[in-house]
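Chemist: One file is attached below, model.cif, containing mmCIF, C-alpha atoms.
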data_entry
loop_
_atom_site.label_atom_id
_atom_site.label_comp_id
_atom_site.auth_asym_id
_atom_site.auth_seq_id
_atom_site.Cartn_x
_atom_site.Cartn_y
_atom_site.Cartn_z
CA MET B 191 25.23 -13.21 -1.97
CA GLU B 192 24.96 -13.95 -5.69
CA ASN B 193 24.39 -10.88 -7.87
CA GLN B 194 23.71 -12.57 -11.20
CA TYR B 195 20.09 -11.38 -11.23
CA ILE B 196 20.73 -7.86 -9.97
CA LYS B 197 20.36 -5.01 -12.44
CA GLN B 198 20.80 -1.33 -11.61
CA PHE B 199 18.04 1.24 -12.07
CA PRO B 200 19.59 4.66 -11.40
CA ASP B 201 16.43 6.54 -12.36
CA LEU B 202 14.20 4.70 -9.89
CA MET B 203 13.95 6.06 -6.33
CA LYS B 204 16.52 8.67 -7.29
CA ASP B 205 17.51 10.95 -4.39
CA LYS B 206 15.04 9.17 -2.12
CA LYS B 207 15.38 7.30 1.17
CA ILE B 208 14.53 3.62 1.46
CA MET B 209 14.33 2.20 4.96
CA TYR B 210 14.77 -1.54 5.35
CA VAL B 211 13.42 -3.35 8.42
CA HIS B 212 15.08 -6.73 8.88
CA GLY B 213 13.64 -10.01 10.05
CA PHE B 214 14.06 -11.93 13.30
CA GLY B 215 17.64 -12.82 14.19
CA SER B 216 19.08 -10.66 11.43
CA SER B 217 20.63 -7.18 11.32
CA ALA B 218 21.21 -4.08 9.23
CA GLN B 219 23.93 -6.10 7.45
CA SER B 220 21.27 -8.25 5.80
CA GLY B 221 21.88 -9.25 2.19
CA THR B 222 18.62 -7.52 1.27
CA VAL B 223 20.12 -4.17 2.26
CA ARG B 224 22.89 -4.77 -0.26
CA ARG B 225 20.38 -5.85 -2.92
CA ILE B 226 18.42 -2.63 -2.52
CA ALA B 227 21.55 -0.48 -2.58
CA LEU B 228 22.87 -2.22 -5.69
CA THR B 229 19.57 -1.97 -7.53
CA PHE B 230 18.95 1.71 -6.73
CA PRO B 231 22.39 3.35 -6.70
CA GLN B 232 20.94 6.88 -6.55
CA ALA B 233 18.85 6.13 -3.44
CA LYS B 234 19.93 6.33 0.20
CA VAL B 235 19.31 3.01 1.95
CA ILE B 236 19.01 3.11 5.73
CA ALA B 237 18.70 0.18 8.14
CA TYR B 238 19.20 -0.39 11.85
CA ASP B 239 19.98 -3.32 14.12
CA LEU B 240 16.71 -3.88 15.93
CA PRO B 241 16.58 -4.58 19.67
CA LEU B 242 15.48 -8.09 20.59
CA HIS B 243 12.51 -6.86 22.63
CA PRO B 244 9.66 -5.78 20.32
CA GLU B 245 8.53 -2.70 22.24
CA GLU B 246 12.10 -1.38 22.13
CA ALA B 247 12.33 -2.21 18.43
CA MET B 248 9.14 -0.29 17.64
CA ALA B 249 10.31 2.68 19.70
CA LEU B 250 13.57 2.76 17.72
CA LEU B 251 11.77 2.47 14.37
CA ARG B 252 9.33 5.27 15.20
CA GLU B 253 12.21 7.48 16.31
CA LYS B 254 14.14 6.81 13.10
CA THR B 255 11.16 7.24 10.76
CA ASP B 256 10.29 10.56 12.43
CA ALA B 257 13.87 11.72 11.92
CA GLU B 258 14.54 10.32 8.43
CA LYS B 259 11.08 10.58 6.80
CA PRO B 260 11.77 7.69 4.39
CA ASP B 261 10.07 7.68 1.00
CA LEU B 262 9.63 3.92 1.19
CA ILE B 263 9.83 1.31 3.94
CA ILE B 264 10.48 -2.34 3.09
CA GLY B 265 10.08 -4.91 5.84
CA THR B 266 10.62 -8.66 5.60
CA SER B 267 9.18 -11.33 7.90
CA MET B 268 9.22 -9.85 11.43
CA GLY B 269 10.25 -6.56 9.83
CA GLY B 270 7.08 -6.68 7.75
CA MET B 271 5.04 -6.93 10.94
CA TYR B 272 6.84 -3.89 12.36
CA ALA B 273 6.54 -1.94 9.09
CA GLU B 274 2.76 -2.40 9.04
CA MET B 275 2.55 -0.34 12.22
CA LEU B 276 4.64 2.55 10.81
CA ARG B 277 1.61 4.40 9.50
CA GLY B 278 1.70 7.22 6.97
CA TYR B 279 4.53 5.88 4.79
CA ASP B 280 4.57 3.89 1.56
CA ARG B 281 5.44 0.37 2.65
CA ILE B 282 6.11 -3.06 1.18
CA LEU B 283 5.68 -5.99 3.55
CA VAL B 284 7.43 -9.13 2.29
CA ASN B 285 6.24 -12.39 3.87
CA PRO B 286 5.15 -10.44 6.97
CA ALA B 287 5.09 -12.44 10.23
CA PHE B 288 1.96 -10.93 11.77
CA GLU B 289 1.61 -13.93 14.11
CA MET B 290 5.19 -13.68 15.33
CA GLY B 291 4.65 -15.28 18.72
CA GLU B 292 3.00 -18.35 17.24
CA THR B 293 5.67 -18.55 14.54
CA MET B 294 8.45 -18.55 17.15
CA ALA B 295 6.77 -21.32 19.12
CA SER B 296 5.87 -23.53 16.14
CA HIS B 297 9.31 -23.30 14.49
CA GLY B 298 11.40 -24.11 17.54
CA MET B 299 12.87 -20.66 18.05
CA VAL B 300 12.86 -20.93 21.87
CA GLY B 301 16.31 -21.30 23.41
CA LYS B 302 19.79 -20.21 22.31
CA GLN B 303 19.91 -18.60 18.86
CA THR B 304 22.64 -17.13 16.68
CA PHE B 305 22.25 -13.91 14.74
CA GLN B 306 22.31 -14.59 10.99
CA ASN B 307 24.28 -11.43 10.21
CA PRO B 308 26.89 -9.37 12.10
CA ARG B 309 25.53 -6.66 14.37
CA GLN B 310 27.08 -3.35 15.30
CA ASP B 311 27.23 -4.23 18.99
CA GLY B 312 29.17 -7.42 18.22
CA VAL B 313 26.61 -9.69 19.91
CA GLN B 314 26.45 -13.06 18.17
CA GLU B 315 24.06 -15.12 20.31
CA PHE B 316 20.82 -14.49 22.15
CA ILE B 317 18.26 -16.42 24.18
CA VAL B 318 14.57 -16.68 23.28
CA THR B 319 12.56 -17.24 26.45
CA LYS B 320 8.86 -17.94 26.89
CA ALA B 321 8.57 -14.42 28.25
CA LEU B 322 10.02 -13.02 25.03
CA VAL B 323 7.59 -15.08 22.96
CA LYS B 324 4.78 -13.55 25.01
CA GLU B 325 6.13 -10.06 24.26
CA TYR B 326 5.93 -10.80 20.53
CA LYS B 327 2.38 -12.12 20.86
CA GLU B 328 1.41 -8.93 22.66
CA ILE B 329 3.03 -6.58 20.11
CA THR B 330 1.09 -8.18 17.26
CA TYR B 331 -2.17 -7.04 18.88
CA HIS B 332 -1.25 -3.56 17.63
CA CYS B 333 -1.28 -4.61 13.98
CA PHE B 334 -4.17 -3.52 11.75
CA GLN B 335 -5.48 -0.81 14.07
CA ASP B 336 -7.41 2.18 12.75
CA ILE B 337 -6.68 1.56 9.07
CA THR B 338 -8.14 4.23 6.80
CA PRO B 339 -8.76 3.89 3.03
CA GLU B 340 -5.84 6.28 2.50
CA GLU B 341 -3.60 4.05 4.62
CA GLN B 342 -4.65 1.00 2.63
CA GLY B 343 -3.26 2.64 -0.50
CA HIS B 344 0.15 3.02 1.15
CA VAL B 345 0.70 -0.69 1.81
CA PHE B 346 1.54 -3.64 -0.43
CA GLY B 347 1.81 -7.16 0.93
CA LEU B 348 4.02 -9.63 -0.97
CA PHE B 349 3.73 -13.33 -0.23
CA GLY B 350 6.03 -16.07 -1.54
CA ASP B 351 4.10 -18.94 -3.08
CA LYS B 352 6.61 -21.41 -1.58
CA ASP B 353 6.91 -19.83 1.88
CA SER B 354 6.91 -22.65 4.44
CA VAL B 355 7.58 -20.41 7.46
CA VAL B 356 4.66 -17.97 7.60
CA ASN B 357 1.37 -17.73 5.77
CA THR B 358 -0.47 -14.51 6.54
CA TYR B 359 -1.88 -13.73 3.08
CA ASP B 360 -5.53 -14.13 4.11
CA LEU B 361 -4.99 -12.14 7.32
CA PHE B 362 -3.37 -9.28 5.41
CA ARG B 363 -6.01 -9.45 2.65
CA SER B 364 -8.78 -9.01 5.24
CA HIS B 365 -7.34 -5.56 6.05
CA TYR B 366 -5.52 -4.40 2.91
CA PRO B 367 -6.52 -4.92 -0.75
CA GLN B 368 -3.01 -4.87 -2.26
CA ALA B 369 -2.03 -8.47 -1.52
CA ILE B 370 0.20 -10.10 -4.13
CA HIS B 371 1.83 -13.51 -4.55
CA PHE B 372 5.34 -13.80 -5.95
CA HIS B 373 7.43 -16.81 -6.93
CA GLY B 374 9.72 -17.46 -4.00
CA GLU B 375 10.27 -18.82 -0.52
CA HIS B 376 10.36 -17.08 2.85
CA ARG B 377 13.96 -15.93 2.55
CA MET B 378 14.44 -13.43 -0.24
CA THR B 379 16.87 -14.10 -3.06
CA ASP B 380 18.21 -11.88 -5.83
CA GLU B 381 15.74 -13.46 -8.25
CA SER B 382 12.65 -13.09 -6.05
CA PHE B 383 13.64 -9.51 -5.24
CA MET B 384 14.04 -8.53 -8.90
CA ASN B 385 10.91 -10.31 -10.12
CA GLY B 386 8.72 -9.89 -7.06
CA VAL B 387 9.65 -6.73 -5.17
CA LEU B 388 11.18 -4.48 -7.83
CA PRO B 389 7.96 -4.16 -9.90
CA VAL B 390 6.08 -2.91 -6.83
CA ILE B 391 8.84 -0.38 -6.06
CA ARG B 392 8.51 0.83 -9.66
CA TRP B 393 4.74 1.34 -9.20
CA ILE B 394 5.31 3.27 -5.98
CA ASP B 395 8.02 5.46 -7.50
CA ASP B 396 5.83 6.16 -10.54
CA ARG B 397 2.97 7.23 -8.30
CA GLN B 398 5.18 9.41 -6.12
CA GLU B 399 6.64 11.11 -9.20
CA GLN B 400 3.27 11.23 -11.01
CA ARG B 401 5.07 9.48 -13.85
CA GLU B 402 2.91 8.13 -16.66
CA ARG B 403 4.43 5.45 -18.84
CA PRO B 404 3.24 4.52 -22.36
CA ILE B 405 0.68 1.71 -22.28
CA VAL B 406 1.30 -1.62 -24.01
CA TYR B 407 -1.42 -4.26 -24.32
CA LEU B 408 -0.50 -7.91 -24.88
CA ASP B 409 -3.20 -10.31 -26.05
CA LEU B 410 -3.15 -13.49 -23.98
CA ASP B 411 -3.04 -15.77 -27.02
CA THR B 412 0.24 -14.19 -28.10
CA LEU B 413 1.86 -15.13 -24.78
CA ARG B 414 1.19 -18.86 -24.79
CA ASP B 415 1.31 -21.57 -27.41
CA ASN B 416 -1.30 -24.15 -28.37
CA TYR B 417 -0.15 -26.38 -25.51
CA GLY B 418 -0.61 -23.69 -22.85
CA LYS B 419 3.13 -23.08 -22.42
CA ASP B 420 4.83 -19.71 -22.62
CA ARG B 421 6.22 -18.90 -26.04
CA PRO B 422 10.00 -18.68 -26.44
CA SER B 423 11.46 -15.37 -25.20
CA MET B 424 8.03 -14.16 -24.08
CA ARG B 425 9.02 -13.72 -20.44
CA LYS B 426 12.33 -12.14 -21.41
CA THR B 427 10.47 -9.59 -23.55
CA TYR B 428 7.84 -9.04 -20.86
CA ARG B 429 10.47 -8.29 -18.20
CA SER B 430 12.11 -5.82 -20.59
CA LEU B 431 8.83 -4.09 -21.46
CA ILE B 432 7.77 -3.46 -17.87
CA GLU B 433 10.95 -1.46 -17.29
CA ASN B 434 9.67 1.33 -19.56
CA TYR B 435 5.99 0.69 -20.18
CA ASN B 436 2.77 0.14 -18.31
CA VAL B 437 1.97 -3.35 -19.58
CA TYR B 438 -1.50 -4.91 -19.49
CA ILE B 439 -2.66 -8.36 -20.49
CA ILE B 440 -5.88 -8.64 -22.51
CA SER B 441 -7.89 -11.78 -21.85
CA PRO B 442 -11.28 -12.73 -23.34
CA ALA B 443 -14.21 -12.47 -20.95
CA PRO B 444 -16.74 -15.18 -21.85
CA THR B 445 -19.73 -14.46 -19.63
CA ASN B 446 -21.04 -18.03 -19.61
CA GLU B 447 -17.73 -19.84 -19.02
CA PRO B 448 -16.26 -18.67 -15.68
CA GLU B 449 -13.82 -21.61 -15.64
CA LEU B 450 -12.03 -20.04 -18.61
CA LEU B 451 -11.57 -16.84 -16.62
CA ARG B 452 -10.12 -18.77 -13.70
CA GLU B 453 -7.82 -20.70 -16.02
CA ALA B 454 -6.57 -17.50 -17.67
CA SER B 455 -5.99 -15.86 -14.28
CA ALA B 456 -4.08 -18.89 -12.99
CA TRP B 457 -1.89 -18.99 -16.11
CA ILE B 458 -1.03 -15.31 -15.86
CA GLU B 459 -0.10 -15.61 -12.19
CA ALA B 460 1.97 -18.73 -12.84
CA TYR B 461 3.96 -17.37 -15.77
CA LEU B 462 4.05 -13.58 -15.21
CA SER B 463 3.56 -13.34 -11.43
CA THR B 464 3.84 -10.03 -9.57
CA PRO B 465 4.11 -7.53 -12.48
CA ALA B 466 0.76 -8.72 -13.87
CA TRP B 467 -1.11 -8.09 -10.60
CA ASN B 468 -3.97 -5.68 -11.28
CA HIS B 469 -2.76 -5.43 -14.90
CA VAL B 470 -5.19 -7.81 -16.59
CA VAL B 471 -8.10 -6.54 -18.67
CA TYR B 472 -10.95 -8.99 -19.29
CA THR B 473 -12.92 -7.82 -22.27
CA GLN B 474 -14.65 -8.90 -25.46
CA GLN B 475 -13.99 -5.50 -27.04
CA PRO B 476 -10.22 -4.83 -26.91
CA ARG B 477 -10.47 -2.32 -29.76
CA LEU B 478 -12.18 0.06 -27.35
CA LEU B 479 -9.18 0.19 -25.01
CA TYR B 480 -7.07 3.33 -24.85
CA GLY B 481 -3.34 2.81 -25.11
CA ASP B 482 -0.18 3.32 -27.13
CA TYR B 483 0.65 -0.18 -28.39
CA ARG B 484 -1.10 -3.49 -28.78
CA ILE B 485 0.47 -6.82 -29.66
CA SER B 486 -2.20 -9.02 -31.16
CA LYS B 487 -2.92 -11.71 -33.73
CA THR B 488 -5.79 -9.53 -34.97
CA PRO B 489 -4.25 -6.05 -35.27
CA ASP B 490 -6.78 -4.63 -37.74
CA ASP B 491 -9.77 -4.47 -35.38
CA GLY B 492 -9.84 -0.70 -34.90
CA PHE B 493 -7.42 -0.21 -31.99
CA MET B 494 -6.50 3.48 -31.92
CA GLY B 495 -2.83 3.04 -31.00
CA THR B 496 0.02 1.28 -32.79
CA SER B 497 -0.77 -2.37 -33.53
CA LEU B 498 1.90 -5.04 -33.90
CA ALA B 499 0.81 -8.22 -35.65
CA PHE B 500 2.26 -11.14 -33.71
CA ASP B 501 3.20 -14.17 -35.82
CA SER B 502 3.37 -12.01 -38.93
CA ASP B 503 6.37 -11.85 -41.26
CA GLU B 504 7.60 -8.75 -39.41
CA PHE B 505 7.00 -10.00 -35.86
CA LYS B 506 7.26 -13.76 -36.06
CA THR B 507 8.75 -14.15 -32.58
CA TRP B 508 8.99 -12.33 -29.27
CA GLU B 509 12.66 -11.65 -29.98
CA GLU B 510 11.63 -9.52 -32.96
CA ILE B 511 9.13 -7.65 -30.81
CA LEU B 512 11.84 -7.09 -28.19
CA THR B 513 14.14 -5.65 -30.85
CA TYR B 514 11.37 -3.30 -32.02
CA PHE B 515 10.81 -1.86 -28.53
CA GLU B 516 14.53 -1.65 -27.79
CA ARG B 517 14.89 0.58 -30.83
CA LEU B 518 12.08 2.79 -29.51
CA GLY B 519 14.04 3.37 -26.32
CA GLY B 520 10.99 3.50 -24.07
CA GLN B 521 8.93 5.85 -26.24
#
Translate this file's structure into structure tokens.
Modeler:
Amino acid sequence: MENQYIKQFPDLMKDKKIMYVHGFGSSAQSGTVRRIALTFPQAKVIAYDLPLHPEEAMALLREKTDAEKPDLIIGTSMGGMYAEMLRGYDRILVNPAFEMGETMASHGMVGKQTFQNPRQDGVQEFIVTKALVKEYKEITYHCFQDITPEEQGHVFGLFGDKDSVVNTYDLFRSHYPQAIHFHGEHRMTDESFMNGVLPVIRWIDDRQEQRERPIVYLDLDTLRDNYGKDRPSMRKTYRSLIENYNVYIISPAPTNEPELLREASAWIEAYLSTPAWNHVVYTQQPRLLYGDYRISKTPDDGFMGTSLAFDSDEFKTWEEILTYFERLGGQ
């Protein structure tokens, strides 16, 4: 596993338990377990080799969650399907395979298979029979049962925009509101974890700790150039800012031109992805917003916080803005 994208965050999930639920044909030795442990060195990461039969796997997971009381559960693929049924915990479901039986049949998983990672029992191969596929179809009937508004707030669904294995975004969205696309495929990488999953973990940890971060507003026209491309170092600065601040994007809200709203939304998702989810403010009156900082081309419009004039002599580039906030040290 490459670690070039991994960065440690000792203050996030500190002294907490993170349970990871692996995907089909994997194990507790999954590379994602190592990613989580590397990223959150002060957290305890727990994972278990799941039995092949789904009822046995769910029994094991319920036993372990009752005993460990994890602060966060992260499940990928099949593990996302299992994690959805572990009610009462904060959970992140990454590319969840809610239609597991159909997925096994359509992707040729019937027959002899090899585990992708070493397992504690030393077993390396297993057989997928039609009877086992039926068991997975039956276990998925238990998904999405008796979901309360409180439960909806506990669950985030993350869906790779290049996932060619499963596509359950619409199904998840019909039951839970917190459905988010990230840039990535079905199998998680260091990059998709850091840019797609980490921001959501930060939101969850902030909520659990009742942590309030300073608010920074970024005007949309400071993020992109006249050709609709991202400005140099913009994404680098954005990724740095979200580590310490609650960052929102301000976009104009022309009431008679809905296509402009759709275009702005598509641009933000394409260039900023997961961290910008639910962090876009559409308004014609940005000066009325409450916050600590605003980066704008029109800083003298009455905003009550600290205004930074983008493209001015002081802040000509995003690198200069990054330097300014680095000197603040998160204040």
Chemist: Is it possible to get the residues within 8 Å of (16.7, -12.2, 20.3) (coordinates as in the file, counting only C-alpha atoms) written as a ChimeraX atom specification?
Modeler: /B:214-215,241-243,303,315-318
Chemist: Any chance you could export the current selection's C-alpha atoms as an mmCIF file, in the coordinates of the input?
Modeler:
data_model
loop_
_atom_site.group_PDB
_atom_site.id
_atom_site.type_symbol
_atom_site.label_atom_id
_atom_site.label_comp_id
_atom_site.auth_asym_id
_atom_site.auth_seq_id
_atom_site.Cartn_x
_atom_site.Cartn_y
_atom_site.Cartn_z
ATOM 1 C CA PHE B 214 14.060 -11.930 13.300
ATOM 2 C CA GLY B 215 17.640 -12.820 14.190
ATOM 3 C CA PRO B 241 16.580 -4.580 19.670
ATOM 4 C CA LEU B 242 15.480 -8.090 20.590
ATOM 5 C CA HIS B 243 12.510 -6.860 22.630
ATOM 6 C CA GLN B 303 19.910 -18.600 18.860
ATOM 7 C CA GLU B 315 24.060 -15.120 20.310
ATOM 8 C CA PHE B 316 20.820 -14.490 22.150
ATOM 9 C CA ILE B 317 18.260 -16.420 24.180
ATOM 10 C CA VAL B 318 14.570 -16.680 23.280
#
Chemist: Using only C-alpha atoms, which residues of stretch 239-349 of chain B come within 12 Å of stretch 448-468 of chain B, and what is the closest atom pair for each, with the distance in Å to one decimal? Give it as a Markdown table, sorted by chain and residue number.
Modeler:
| residue | atom | partner | partner_atom | distance |
| --- | --- | --- | --- | --- |
| B:Phe346 | CA | B:Thr464 | CA | 11.4 |
| B:Gly347 | CA | B:Thr464 | CA | 11.1 |
| B:Leu348 | CA | B:Thr464 | CA | 8.6 |
| B:Phe349 | CA | B:Thr464 | CA | 9.9 |
Chemist: Can you write just those residues out, C-alpha atoms, as a PDB file, in the coordinates of the input?
Modeler:
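What landed in out-v3.pdb:
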ATOM      1  CA  PHE B 346       1.540  -3.640  -0.430  1.00  0.00           C
ATOM      2  CA  GLY B 347       1.810  -7.160   0.930  1.00  0.00           C
ATOM      3  CA  LEU B 348       4.020  -9.630  -0.970  1.00  0.00           C
ATOM      4  CA  PHE B 349       3.730 -13.330  -0.230  1.00  0.00           C
TER       5      PHE B 349
END
Chemist: Show which residues sit within 10 Å of stretch 421-427 of chain B, as a list of chain:residue names. Count only C-alpha atoms, and ignore same-chain residues fewer than 6 positions away.
Modeler: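 Everything that qualifies: B:Asp411, B:Thr412, B:Leu413, B:Arg414, B:Asp415, B:Tyr461, B:Leu462, B:Thr507, B:Trp508, B:Glu509, B:Glu510, B:Ile511, B:Leu512, B:Thr513, B:Phe515, B:Glu516.
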Chemist: With distances taken over all atoms listed in the file, which of B:Glu341, B:Asp280, B:Asp360, B:Asp395 is nearest to B:Gly265?
Modeler: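 For B:Gly265, the nearest of the candidates is B:Asp280.
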Chemist: Calculate how many Å separate atom CA of B:Ile282 from atom CA of B:Phe362, rounding to one decimal.
Modeler: 12.1 Å
Chemist: Using the chain letters and numbers from this file, what does the PyMOL selection byres ((chain B and resi 270) around 10) select? Give the answer as JSON, numbers by chain.
Modeler: {"B": [210, 211, 212, 213, 263, 264, 265, 266, 267, 268, 269, 271, 272, 273, 274, 275, 281, 282, 283, 284, 285, 286, 287, 288, 347, 348]}
Chemist: My list of candidates is B:Val345, B:Met384, B:Leu262, B:Met294. Which is closest to B:Leu228 when distances are computed with all atoms listed in the file?
Modeler: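 Ranked by minimum distance to B:Leu228, first place goes to B:Met384.
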Chemist: Which is closer to B:Ala369 than all the others in B:Ser382, B:Gln342, B:Thr330, B:Asn307, using all atoms listed in the file?
Modeler: B:Gln342
Chemist: Which residue out of B:Tyr407, B:Ala257, B:Ser430, B:Ile370 has the minimum interatomic distance to B:Phe493 when all atoms listed in the file are used?
Modeler: B:Tyr407
Chemist: Put the listed atoms of stretch 398-405 of chain B in a box along x, y and z with 5 Å added on every side and give me the centre and edge lengths in Å to one decimal, as lines of an AutoDock Vina configuration file.
Modeler:
center_x = 3.7
center_y = 6.5
center_z = -14.2
size_x = 16.0
size_y = 19.5
size_z = 26.2
Chemist: Can you measure atom CA of B:Phe199 to atom CA of B:Ala227 for me? One decimal in Å is fine.
Modeler: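 Between these atoms lies a distance of 10.3 Å.
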Chemist: Have a look at atom CA of B:Gln368 and atom CA of B:Tyr438 and let me know their distance in Å, one decimal.
Modeler: 17.3 Å
Chemist: Using all atoms listed in the file, which residue out of B:Val235, B:Leu361, B:Val356, B:Ile394 lies closest to B:Met209?
Modeler: B:Val235
Chemist: Counting all atoms listed in the file, which residue out of B:Glu253, B:Asp409, B:Asp311, B:Asp239 sits closest to B:Arg484?
Modeler: B:Asp409
Chemist: On this structure, which residues satisfy the PyMOL selection byres ((chain B and resi 374) around 8), written as a ChimeraX atom specification?
Modeler: /B:350-353,372-373,375-379,382
Chemist: Might you spell out which residues the PyMOL selection byres ((chain B and resi 197) around 12) would select in the displayed file, as a ChimeraX atom specification?
Modeler: /B:193-196,198-200,202,225-231,380-381,383-385,388,429-430,433
Chemist: Would you mind putting N, CA, C and O atoms back on stretch 333-351 of chain B and writing the result as a compact mmCIF listing (two decimals), in the coordinates of the input?
Modeler:
# COMPACT_ATOMS: atom_id res chain seq x y z
N CYS B 333 -1.17 -4.61 15.43
CA CYS B 333 -1.28 -4.61 13.98
C CYS B 333 -2.72 -4.35 13.55
O CYS B 333 -3.67 -4.70 14.27
N PHE B 334 -2.88 -3.72 12.40
CA PHE B 334 -4.17 -3.52 11.75
C PHE B 334 -5.13 -2.62 12.53
O PHE B 334 -6.35 -2.75 12.42
N GLN B 335 -4.60 -1.71 13.31
CA GLN B 335 -5.48 -0.81 14.07
C GLN B 335 -5.74 0.48 13.31
O GLN B 335 -4.83 1.10 12.77
N ASP B 336 -7.01 0.87 13.28
CA ASP B 336 -7.41 2.18 12.75
C ASP B 336 -6.89 2.42 11.33
O ASP B 336 -6.30 3.44 11.02
N ILE B 337 -7.14 1.44 10.46
CA ILE B 337 -6.68 1.56 9.07
C ILE B 337 -7.71 2.33 8.26
O ILE B 337 -8.87 1.96 8.20
N THR B 338 -7.27 3.41 7.64
CA THR B 338 -8.14 4.23 6.80
C THR B 338 -7.98 3.81 5.34
O THR B 338 -6.99 3.17 4.96
N PRO B 339 -8.93 4.17 4.47
CA PRO B 339 -8.76 3.89 3.03
C PRO B 339 -7.46 4.50 2.48
O PRO B 339 -6.81 3.88 1.62
N GLU B 340 -7.09 5.68 2.95
CA GLU B 340 -5.84 6.28 2.50
C GLU B 340 -4.65 5.41 2.90
O GLU B 340 -3.72 5.20 2.12
N GLU B 341 -4.69 4.90 4.14
CA GLU B 341 -3.60 4.05 4.62
C GLU B 341 -3.52 2.76 3.81
O GLU B 341 -2.42 2.26 3.54
N GLN B 342 -4.65 2.22 3.43
CA GLN B 342 -4.65 1.00 2.63
C GLN B 342 -3.89 1.19 1.33
O GLN B 342 -3.24 0.27 0.84
N GLY B 343 -3.96 2.37 0.75
CA GLY B 343 -3.26 2.64 -0.50
C GLY B 343 -1.76 2.74 -0.34
O GLY B 343 -1.02 2.66 -1.33
N HIS B 344 -1.29 2.90 0.89
CA HIS B 344 0.15 3.02 1.15
C HIS B 344 0.86 1.67 1.27
O HIS B 344 2.09 1.63 1.27
N VAL B 345 0.09 0.58 1.39
CA VAL B 345 0.70 -0.69 1.81
C VAL B 345 0.48 -1.79 0.77
O VAL B 345 -0.64 -2.04 0.34
N PHE B 346 1.59 -2.44 0.40
CA PHE B 346 1.54 -3.64 -0.43
C PHE B 346 2.04 -4.82 0.40
O PHE B 346 3.03 -4.70 1.12
N GLY B 347 1.35 -5.93 0.30
CA GLY B 347 1.81 -7.16 0.93
C GLY B 347 2.25 -8.15 -0.13
O GLY B 347 1.51 -8.43 -1.08
N LEU B 348 3.48 -8.67 -0.01
CA LEU B 348 4.02 -9.63 -0.97
C LEU B 348 4.24 -10.97 -0.26
O LEU B 348 4.86 -11.02 0.80
N PHE B 349 3.74 -12.04 -0.89
CA PHE B 349 3.73 -13.33 -0.23
C PHE B 349 4.30 -14.39 -1.16
O PHE B 349 3.78 -14.63 -2.26
N GLY B 350 5.39 -15.03 -0.74
CA GLY B 350 6.03 -16.07 -1.54
C GLY B 350 5.14 -17.29 -1.65
O GLY B 350 4.61 -17.78 -0.65
N ASP B 351 4.98 -17.79 -2.87
CA ASP B 351 4.10 -18.94 -3.08
C ASP B 351 4.71 -20.24 -2.57
O ASP B 351 4.03 -21.28 -2.54
